[in-house]
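Visitor: input_33.txt is reproduced below (compact mmCIF, C-alpha atoms).
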# COMPACT_ATOMS: atom_id res chain seq x y z
CA ALA A 70 78.16 72.84 69.53
CA GLN A 71 76.90 71.21 66.38
CA LYS A 72 78.84 68.49 64.62
CA ILE A 73 78.31 66.45 61.48
CA THR A 74 80.21 63.22 60.90
CA GLN A 75 80.58 61.46 57.57
CA THR A 76 82.67 58.35 58.07
CA GLN A 77 83.00 57.30 54.43
CA PRO A 78 85.70 59.28 52.61
CA GLY A 79 84.95 57.40 49.40
CA MET A 80 82.32 55.04 48.04
CA PHE A 81 81.99 53.02 44.85
CA VAL A 82 78.73 51.86 43.34
CA GLN A 83 77.79 50.11 40.14
CA GLU A 84 75.57 51.97 37.73
CA LYS A 85 71.86 51.31 38.33
CA GLU A 86 72.43 50.09 41.88
CA ALA A 87 71.41 51.89 45.07
CA VAL A 88 73.93 53.38 47.49
CA THR A 89 73.70 54.74 51.04
CA LEU A 90 75.89 57.59 52.23
CA ASP A 91 76.17 57.80 56.00
CA CYS A 92 75.73 60.89 58.15
CA THR A 93 75.49 61.25 61.90
CA TYR A 94 75.03 64.47 63.78
CA ASP A 95 75.26 65.93 67.23
CA THR A 96 73.31 68.90 68.51
CA SER A 97 71.65 70.18 71.65
CA ASP A 98 68.94 71.93 69.66
CA GLN A 99 65.44 70.48 69.66
CA SER A 100 64.62 72.06 66.33
CA TYR A 101 67.06 71.67 63.46
CA GLY A 102 67.26 70.96 59.77
CA LEU A 103 69.34 68.41 57.91
CA PHE A 104 70.49 68.84 54.33
CA TRP A 105 72.38 66.99 51.67
CA TYR A 106 74.34 68.74 48.93
CA LYS A 107 76.15 67.41 45.88
CA GLN A 108 79.37 69.02 44.69
CA PRO A 109 80.56 67.97 41.22
CA SER A 110 84.12 68.65 40.12
CA SER A 111 82.97 72.04 38.80
CA GLY A 112 82.61 73.17 42.41
CA GLU A 113 79.00 74.27 42.62
CA MET A 114 76.98 73.05 45.58
CA ILE A 115 73.68 71.54 44.50
CA PHE A 116 70.89 71.19 47.05
CA LEU A 117 69.44 67.67 47.05
CA ILE A 118 67.13 67.10 49.98
CA TYR A 119 65.95 68.51 53.33
CA GLN A 120 64.68 66.87 56.51
CA GLY A 121 63.24 68.82 59.41
CA SER A 122 63.76 67.47 62.91
CA TYR A 123 60.01 67.37 63.52
CA ASP A 124 59.14 65.75 60.21
CA GLU A 125 57.64 62.35 60.89
CA GLN A 126 58.20 60.97 57.42
CA ASN A 127 61.49 60.50 55.66
CA ALA A 128 62.08 63.06 52.94
CA THR A 129 62.19 61.97 49.31
CA GLU A 130 63.14 63.88 46.17
CA GLY A 131 63.12 61.78 43.02
CA ARG A 132 65.93 59.24 43.29
CA TYR A 133 67.08 60.69 46.60
CA SER A 134 65.67 59.71 49.95
CA LEU A 135 66.81 60.51 53.45
CA ASN A 136 66.77 57.74 56.05
CA PHE A 137 66.16 59.81 59.18
CA GLN A 138 66.62 58.03 62.49
CA LYS A 139 66.24 60.69 65.14
CA ALA A 140 67.04 58.54 68.16
CA ARG A 141 70.30 57.44 66.54
CA LYS A 142 70.97 60.96 65.25
CA SER A 143 71.56 59.71 61.76
CA ALA A 144 70.45 61.12 58.42
CA ASN A 145 71.71 58.82 55.71
CA LEU A 146 71.23 59.66 52.03
CA VAL A 147 70.01 56.89 49.77
CA ILE A 148 70.49 57.26 46.03
CA SER A 149 68.53 54.74 44.00
CA ALA A 150 69.35 53.62 40.46
CA SER A 151 72.76 55.30 40.41
CA GLN A 152 73.81 57.10 37.25
CA LEU A 153 77.27 58.03 36.01
CA GLY A 154 76.39 61.67 36.57
CA ASP A 155 75.97 60.98 40.28
CA SER A 156 79.76 60.80 40.65
CA ALA A 157 80.62 63.74 42.93
CA MET A 158 81.33 64.80 46.50
CA TYR A 159 78.34 64.63 48.79
CA PHE A 160 78.06 66.75 51.92
CA CYS A 161 75.69 66.34 54.82
CA ALA A 162 74.88 69.56 56.67
CA MET A 163 72.84 70.75 59.60
CA ARG A 164 71.23 74.02 60.54
CA GLY A 165 70.18 74.78 64.10
CA LYS A 166 68.13 77.56 65.62
CA GLY A 167 69.17 80.68 67.39
CA THR A 168 71.79 83.30 66.84
CA GLY A 169 74.97 81.91 65.33
CA ARG A 170 73.45 78.59 64.41
CA ARG A 171 71.48 79.53 61.35
CA ALA A 172 74.43 78.90 59.09
CA LEU A 173 75.14 75.37 57.96
CA THR A 174 77.61 73.05 59.63
CA PHE A 175 79.05 70.65 57.06
CA GLY A 176 80.48 67.19 57.33
CA SER A 177 83.79 66.26 55.72
CA GLY A 178 82.08 64.80 52.68
CA THR A 179 81.95 61.48 50.83
CA ARG A 180 83.29 61.06 47.32
CA LEU A 181 80.98 58.81 45.34
CA GLN A 182 82.17 57.14 42.17
CA VAL A 183 79.64 55.40 39.96
CA GLN A 184 81.16 52.67 37.82
CA PRO A 185 79.70 51.54 34.49
CA GLY B 72 65.34 75.03 42.94
CA ALA B 73 66.18 78.67 43.44
CA VAL B 74 69.02 80.24 41.49
CA VAL B 75 72.03 82.02 42.94
CA SER B 76 74.51 83.66 40.63
CA GLN B 77 78.11 84.22 41.68
CA HIS B 78 80.78 85.91 39.64
CA PRO B 79 83.44 85.99 38.64
CA SER B 80 83.96 82.25 38.52
CA ARG B 81 87.70 82.62 38.40
CA VAL B 82 90.10 85.41 39.26
CA ILE B 83 93.84 85.60 38.89
CA CYS B 84 95.38 88.70 40.42
CA LYS B 85 98.65 90.12 41.62
CA SER B 86 99.53 90.27 45.26
CA GLY B 87 98.34 93.50 46.88
CA THR B 88 95.29 94.04 44.70
CA SER B 89 91.68 93.87 45.86
CA VAL B 90 89.13 91.49 44.41
CA LYS B 91 85.36 91.84 44.56
CA ILE B 92 83.06 88.82 44.31
CA GLU B 93 79.33 89.23 43.77
CA CYS B 94 76.55 86.92 44.91
CA ARG B 95 73.02 87.45 43.61
CA SER B 96 69.80 85.62 44.34
CA LEU B 97 67.98 85.72 41.01
CA ASP B 98 64.48 84.54 41.79
CA PHE B 99 64.01 85.14 45.49
CA GLN B 100 64.84 87.72 48.13
CA ALA B 101 67.43 86.84 50.72
CA THR B 102 67.80 88.80 53.93
CA THR B 103 70.66 86.53 54.84
CA MET B 104 73.52 85.33 52.71
CA PHE B 105 76.60 83.39 53.73
CA TRP B 106 80.19 83.32 52.54
CA TYR B 107 82.21 80.12 52.77
CA ARG B 108 85.76 79.18 51.93
CA GLN B 109 86.84 75.77 50.77
CA PHE B 110 90.38 74.45 50.63
CA PRO B 111 91.27 71.60 48.25
CA LYS B 112 89.70 68.29 49.26
CA GLN B 113 88.18 69.82 52.36
CA SER B 114 84.73 70.80 53.47
CA LEU B 115 83.20 74.27 53.48
CA MET B 116 84.15 76.64 56.27
CA LEU B 117 81.85 79.50 57.13
CA MET B 118 83.56 82.87 56.94
CA ALA B 119 80.74 85.26 57.64
CA THR B 120 77.02 85.82 57.65
CA SER B 121 75.85 88.69 55.50
CA ASN B 122 72.74 90.50 56.75
CA GLU B 123 70.80 92.87 54.52
CA GLY B 124 70.96 96.40 55.86
CA SER B 125 73.29 95.65 58.74
CA LYS B 126 76.86 94.64 59.45
CA ALA B 127 78.09 91.19 58.62
CA THR B 128 78.83 88.70 61.36
CA TYR B 129 82.28 87.18 61.05
CA GLU B 130 83.42 83.81 62.31
CA GLN B 131 86.28 83.59 64.76
CA GLY B 132 89.62 83.98 63.03
CA VAL B 133 88.25 85.75 59.94
CA GLU B 134 89.58 89.30 59.58
CA LYS B 135 86.72 91.68 58.88
CA ASP B 136 89.06 94.32 57.49
CA LYS B 137 90.52 91.76 55.12
CA PHE B 138 87.24 90.34 53.90
CA LEU B 139 84.78 93.18 53.46
CA ILE B 140 81.16 92.18 53.09
CA ASN B 141 78.36 94.40 51.87
CA HIS B 142 74.72 93.34 51.63
CA ALA B 143 73.11 96.44 50.20
CA SER B 144 69.95 94.86 48.82
CA LEU B 145 67.78 91.79 49.29
CA THR B 146 69.34 90.16 46.25
CA LEU B 147 73.01 91.12 46.35
CA SER B 148 75.92 90.52 48.68
CA THR B 149 79.54 91.27 47.83
CA LEU B 150 82.77 89.99 49.29
CA THR B 151 85.90 92.07 48.74
CA VAL B 152 89.25 90.50 49.47
CA THR B 153 91.45 93.48 50.22
CA SER B 154 95.17 93.52 49.56
CA ALA B 155 95.12 89.92 48.50
CA HIS B 156 98.12 87.71 49.17
CA PRO B 157 98.98 84.19 47.95
CA GLU B 158 97.62 82.67 51.16
CA ASP B 159 94.19 84.06 50.23
CA SER B 160 94.13 81.81 47.19
CA SER B 161 91.15 79.53 47.64
CA PHE B 162 87.67 78.63 46.47
CA TYR B 163 85.07 81.08 47.79
CA ILE B 164 81.40 80.18 47.59
CA CYS B 165 78.32 82.08 48.66
CA SER B 166 74.84 80.98 49.56
CA ALA B 167 71.51 82.72 49.91
CA ARG B 168 68.91 81.54 52.38
CA GLU B 169 65.38 81.14 51.13
CA ASP B 170 62.97 82.09 53.92
CA SER B 171 59.51 81.76 52.39
CA SER B 172 59.12 77.97 52.67
CA GLY B 173 60.01 77.74 56.34
CA LYS B 174 62.78 75.26 55.55
CA ASN B 175 65.44 77.99 55.24
CA ILE B 176 67.22 76.13 52.48
CA GLN B 177 70.52 77.66 51.42
CA TYR B 178 71.09 77.80 47.68
CA PHE B 179 74.66 78.18 46.56
CA GLY B 180 76.42 80.05 43.82
CA ALA B 181 78.88 78.28 41.55
CA GLY B 182 81.87 79.56 43.49
CA THR B 183 84.88 81.74 42.71
CA ARG B 184 88.35 80.31 42.39
CA LEU B 185 90.84 82.98 43.47
CA SER B 186 94.50 82.68 42.60
CA VAL B 187 96.84 85.35 43.95
CA LEU B 188 100.24 85.48 42.31
How does this structure look as structure tokens?

Guide:
Amino acid sequence: AQKITQTQPGMFVQEKEAVTLDCTYDTSDQSYGLFWYKQPSSGEMIFLIYQGSYDEQNATEGRYSLNFQKARKSANLVISASQLGDSAMYFCAMRGKGTGRRALTFGSGTRLQVQP
Amino acid sequence: GAVVSQHPSRVICKSGTSVKIECRSLDFQATTMFWYRQFPKQSLMLMATSNEGSKATYEQGVEKDKFLINHASLTLSTLTVTSAHPEDSSFYICSAREDSSGKNIQYFGAGTRLSVL
């Protein structure tokens, strides 16, 4: 079975500083994908970044980067130069291969609050 | 990123009525869409996988006769909550899987907040 663990229910960060949101995962699949989504108070889920299990380099998308440590089974999200608009819930998710595992398994989420 | 449209964004209905929610991928074709449910301050729980041209696959504990899913085209999936009751009140959100890039990224709609009186 697949499992995603986010151990930080809430995080605070000062505007313009960097913040790391933790995510660890467990899977028996050799091939899998890791995702981060942002959910503002409006409820929509916004795709941020993707990391494939065979990707050798860490993924980056603008101010977002994913610190992928395969041996430790961790996929932490790093947000650089935090902005007030970054305040939201952040979910780590994983997709495996094979029937029944193509849907996403989500972690419990981390609420990030950016302070001015 | 790709755009997924979901509507209505909010529904208030009386107990016993049926509610239909639409999920459309606007700029890509999606053979597979997913329906999730989210309770307040909790994560997303997969309800079912919607497959274009075939029956949906439901997760354990989700009543298929209660939550009817139709995926009639490559850009549209609908979820109908039949005979809704107050316990069905929740936030329902769909996603469409983009297959062309090989990453199979799921793009989400904005969600539907259902309140059953």

Visitor: What gap, in Å, lies between atom CA of B:Thr103 and atom CA of B:Ser166?

Guide: 8.7 Å

Visitor: Quick one, how far is atom CA of A:Arg171 from atom CA of A:Ile73?

Guide: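 That distance, rounded to one decimal, is 14.8 Å.
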
Visitor: Pick the closest to B:Arg184 from B:Ala143, B:Lys137, B:Ala73, B:Phe162: which is it, counting only C-alpha atoms?

Guide: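 Closest residue, counting only C-alpha atoms: B:Phe162.
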
Visitor: Restrict the calculation to all atoms listed in the file, then for each residue of chain A with any atom at most 8 Å from an atom of chain B give the closest atom pair and their distance in Å to one decimal, rows by chain and rising residue number, as CSV.

Guide:
residue,atom,partner,partner_atom,distance
A:Gly102,CA,B:Lys174,CA,7.5
A:Ser111,CA,B:Ala181,CA,8.0
A:Gly112,CA,B:Ala181,CA,6.4
A:Glu113,CA,B:Ala181,CA,4.2
A:Met114,CA,B:Phe179,CA,5.7
A:Ile115,CA,B:Phe179,CA,7.0
A:Phe116,CA,B:Tyr178,CA,6.6
A:Tyr119,CA,B:Ile176,CA,7.8
A:Gly121,CA,B:Lys174,CA,7.5
A:Phe160,CA,B:Ser114,CA,8.0
A:Ala172,CA,B:Phe105,CA,7.3
A:Leu173,CA,B:Leu117,CA,7.9
A:Phe175,CA,B:Leu115,CA,6.6
A:Gly176,CA,B:Ser114,CA,6.8
A:Ser177,CA,B:Ser114,CA,5.2
A:Gly178,CA,B:Ser114,CA,6.6

Visitor: Counting only C-alpha atoms, note down every residue that has an atom within 12 Å of the point (68.7, 59.4, 65.9) (file coordinates), as a PDB file with C-alpha atoms, in the coordinates of the input.

Guide:
ATOM      1  CA  CYS A  92      75.730  60.890  58.150  1.00  0.00           C
ATOM      2  CA  THR A  93      75.490  61.250  61.900  1.00  0.00           C
ATOM      3  CA  TYR A  94      75.030  64.470  63.780  1.00  0.00           C
ATOM      4  CA  ASP A  95      75.260  65.930  67.230  1.00  0.00           C
ATOM      5  CA  THR A  96      73.310  68.900  68.510  1.00  0.00           C
ATOM      6  CA  SER A 122      63.760  67.470  62.910  1.00  0.00           C
ATOM      7  CA  ASN A 136      66.770  57.740  56.050  1.00  0.00           C
ATOM      8  CA  PHE A 137      66.160  59.810  59.180  1.00  0.00           C
ATOM      9  CA  GLN A 138      66.620  58.030  62.490  1.00  0.00           C
ATOM     10  CA  LYS A 139      66.240  60.690  65.140  1.00  0.00           C
ATOM     11  CA  ALA A 140      67.040  58.540  68.160  1.00  0.00           C
ATOM     12  CA  ARG A 141      70.300  57.440  66.540  1.00  0.00           C
ATOM     13  CA  LYS A 142      70.970  60.960  65.250  1.00  0.00           C
ATOM     14  CA  SER A 143      71.560  59.710  61.760  1.00  0.00           C
ATOM     15  CA  ALA A 144      70.450  61.120  58.420  1.00  0.00           C
ATOM     16  CA  ASN A 145      71.710  58.820  55.710  1.00  0.00           C
TER      17      ASN A 145
END

Visitor: Residues at most 6 Å from B:Leu147, counting all atoms listed in the file, excluding those fewer than 4 positions away in the same chain, as a count of residues only?

Guide: 3

Visitor: List as a list in words the residues having at least one atom at most 9 Å from position (71.0, 86.9, 42.3) as given in the file, counting only C-alpha atoms.

Guide: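 I get Val74, Val75, Ser76, Gln77, Glu93, Cys94, Arg95, Ser96, Leu97, Asp98, Phe99, Gln100, Thr146, Leu147, Ser148, Ala167 and Gly180 of chain B for the residues within 9 Å of that point.
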
Visitor: Quick one: of A:Arg164, A:Asp98, A:Gln120, A:Val88, who's nearest to A:Val147, counting all atoms listed in the file?

Guide: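 Once distances to A:Val147 are computed over all atoms listed in the file, the minimum belongs to A:Val88.
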
Visitor: Using all atoms listed in the file, find the one residue out of B:Met118, B:Ala101, B:Ala127, B:Leu185 that sits nearest to B:Asn141.

Guide: B:Ala127

Visitor: Produce the centre coordinates and the three edge lengths, each in Å to one decimal, of the box along x, y and z that contains all listed atoms of stretch 120-125 of chain A with 8 Å added on each side, as lines of an AutoDock Vina configuration file.

Guide:
center_x = 61.2
center_y = 65.6
center_z = 60.0
size_x = 23.0
size_y = 22.5
size_z = 23.0

Visitor: Closest to B:Gly124 among B:Ser144, B:Thr151, B:Ile83, B:Pro157, using only C-alpha atoms?

Guide: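 Between B:Ser144, B:Thr151, B:Ile83, B:Pro157, the residue approaching B:Gly124 most closely is B:Ser144.
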
Visitor: Out of A:Gly154, A:Gly165, A:Pro185, A:Pro78, which residue has the shortest atom-to-atom distance to A:Ser100 when counting only C-alpha atoms?

Guide: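 The answer is A:Gly165, which sits nearest to A:Ser100.
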
Visitor: In Å to one decimal, how far is atom CA of A:Ala162 from atom CA of A:Leu103?

Guide: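 Going from atom CA of A:Leu103 over to atom CA of A:Ala162, I get 5.8 Å.
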
Visitor: Could you list, as a PyMOL selection string, every residue within 7 Å of B:Ser89, counting all atoms listed in the file and ignoring same-chain residues fewer than 6 positions away?

Guide: chain B and resi 151-155

Visitor: Output as a PDB file, keeping the file's coordinate frame: stretch 79-90 of chain A, completed with N, CA, C and O atoms.

Guide:
ATOM      1  N   GLY A  79      85.234  57.734  50.787  1.00  0.00           N
ATOM      2  CA  GLY A  79      84.950  57.400  49.400  1.00  0.00           C
ATOM      3  C   GLY A  79      84.054  56.177  49.303  1.00  0.00           C
ATOM      4  O   GLY A  79      84.102  55.291  50.157  1.00  0.00           O
ATOM      5  N   MET A  80      83.223  56.175  48.268  1.00  0.00           N
ATOM      6  CA  MET A  80      82.320  55.040  48.040  1.00  0.00           C
ATOM      7  C   MET A  80      82.286  54.740  46.539  1.00  0.00           C
ATOM      8  O   MET A  80      82.356  55.651  45.701  1.00  0.00           O
ATOM      9  N   PHE A  81      82.174  53.448  46.223  1.00  0.00           N
ATOM     10  CA  PHE A  81      81.990  53.020  44.850  1.00  0.00           C
ATOM     11  C   PHE A  81      80.634  52.333  44.729  1.00  0.00           C
ATOM     12  O   PHE A  81      80.194  51.646  45.648  1.00  0.00           O
ATOM     13  N   VAL A  82      79.993  52.537  43.585  1.00  0.00           N
ATOM     14  CA  VAL A  82      78.730  51.860  43.340  1.00  0.00           C
ATOM     15  C   VAL A  82      78.624  51.561  41.851  1.00  0.00           C
ATOM     16  O   VAL A  82      79.129  52.329  41.011  1.00  0.00           O
ATOM     17  N   GLN A  83      78.017  50.451  41.540  1.00  0.00           N
ATOM     18  CA  GLN A  83      77.790  50.110  40.140  1.00  0.00           C
ATOM     19  C   GLN A  83      76.587  50.898  39.620  1.00  0.00           C
ATOM     20  O   GLN A  83      75.609  51.131  40.340  1.00  0.00           O
ATOM     21  N   GLU A  84      76.689  51.282  38.381  1.00  0.00           N
ATOM     22  CA  GLU A  84      75.570  51.970  37.730  1.00  0.00           C
ATOM     23  C   GLU A  84      74.298  51.150  37.890  1.00  0.00           C
ATOM     24  O   GLU A  84      74.317  49.925  37.821  1.00  0.00           O
ATOM     25  N   LYS A  85      73.203  51.863  38.161  1.00  0.00           N
ATOM     26  CA  LYS A  85      71.860  51.310  38.330  1.00  0.00           C
ATOM     27  C   LYS A  85      71.610  50.696  39.706  1.00  0.00           C
ATOM     28  O   LYS A  85      70.474  50.326  40.003  1.00  0.00           O
ATOM     29  N   GLU A  86      72.636  50.597  40.531  1.00  0.00           N
ATOM     30  CA  GLU A  86      72.430  50.090  41.880  1.00  0.00           C
ATOM     31  C   GLU A  86      72.151  51.242  42.841  1.00  0.00           C
ATOM     32  O   GLU A  86      72.397  52.404  42.537  1.00  0.00           O
ATOM     33  N   ALA A  87      71.662  50.892  44.032  1.00  0.00           N
ATOM     34  CA  ALA A  87      71.410  51.890  45.070  1.00  0.00           C
ATOM     35  C   ALA A  87      72.639  52.000  45.971  1.00  0.00           C
ATOM     36  O   ALA A  87      73.418  51.050  46.104  1.00  0.00           O
ATOM     37  N   VAL A  88      72.808  53.165  46.576  1.00  0.00           N
ATOM     38  CA  VAL A  88      73.930  53.380  47.490  1.00  0.00           C
ATOM     39  C   VAL A  88      73.455  54.243  48.658  1.00  0.00           C
ATOM     40  O   VAL A  88      72.581  55.105  48.496  1.00  0.00           O
ATOM     41  N   THR A  89      74.020  53.965  49.835  1.00  0.00           N
ATOM     42  CA  THR A  89      73.700  54.740  51.040  1.00  0.00           C
ATOM     43  C   THR A  89      74.935  55.462  51.529  1.00  0.00           C
ATOM     44  O   THR A  89      75.985  54.845  51.741  1.00  0.00           O
ATOM     45  N   LEU A  90      74.804  56.760  51.694  1.00  0.00           N
ATOM     46  CA  LEU A  90      75.890  57.590  52.230  1.00  0.00           C
ATOM     47  C   LEU A  90      75.536  57.941  53.677  1.00  0.00           C
ATOM     48  O   LEU A  90      74.450  58.467  53.946  1.00  0.00           O
TER      49      LEU A  90
END
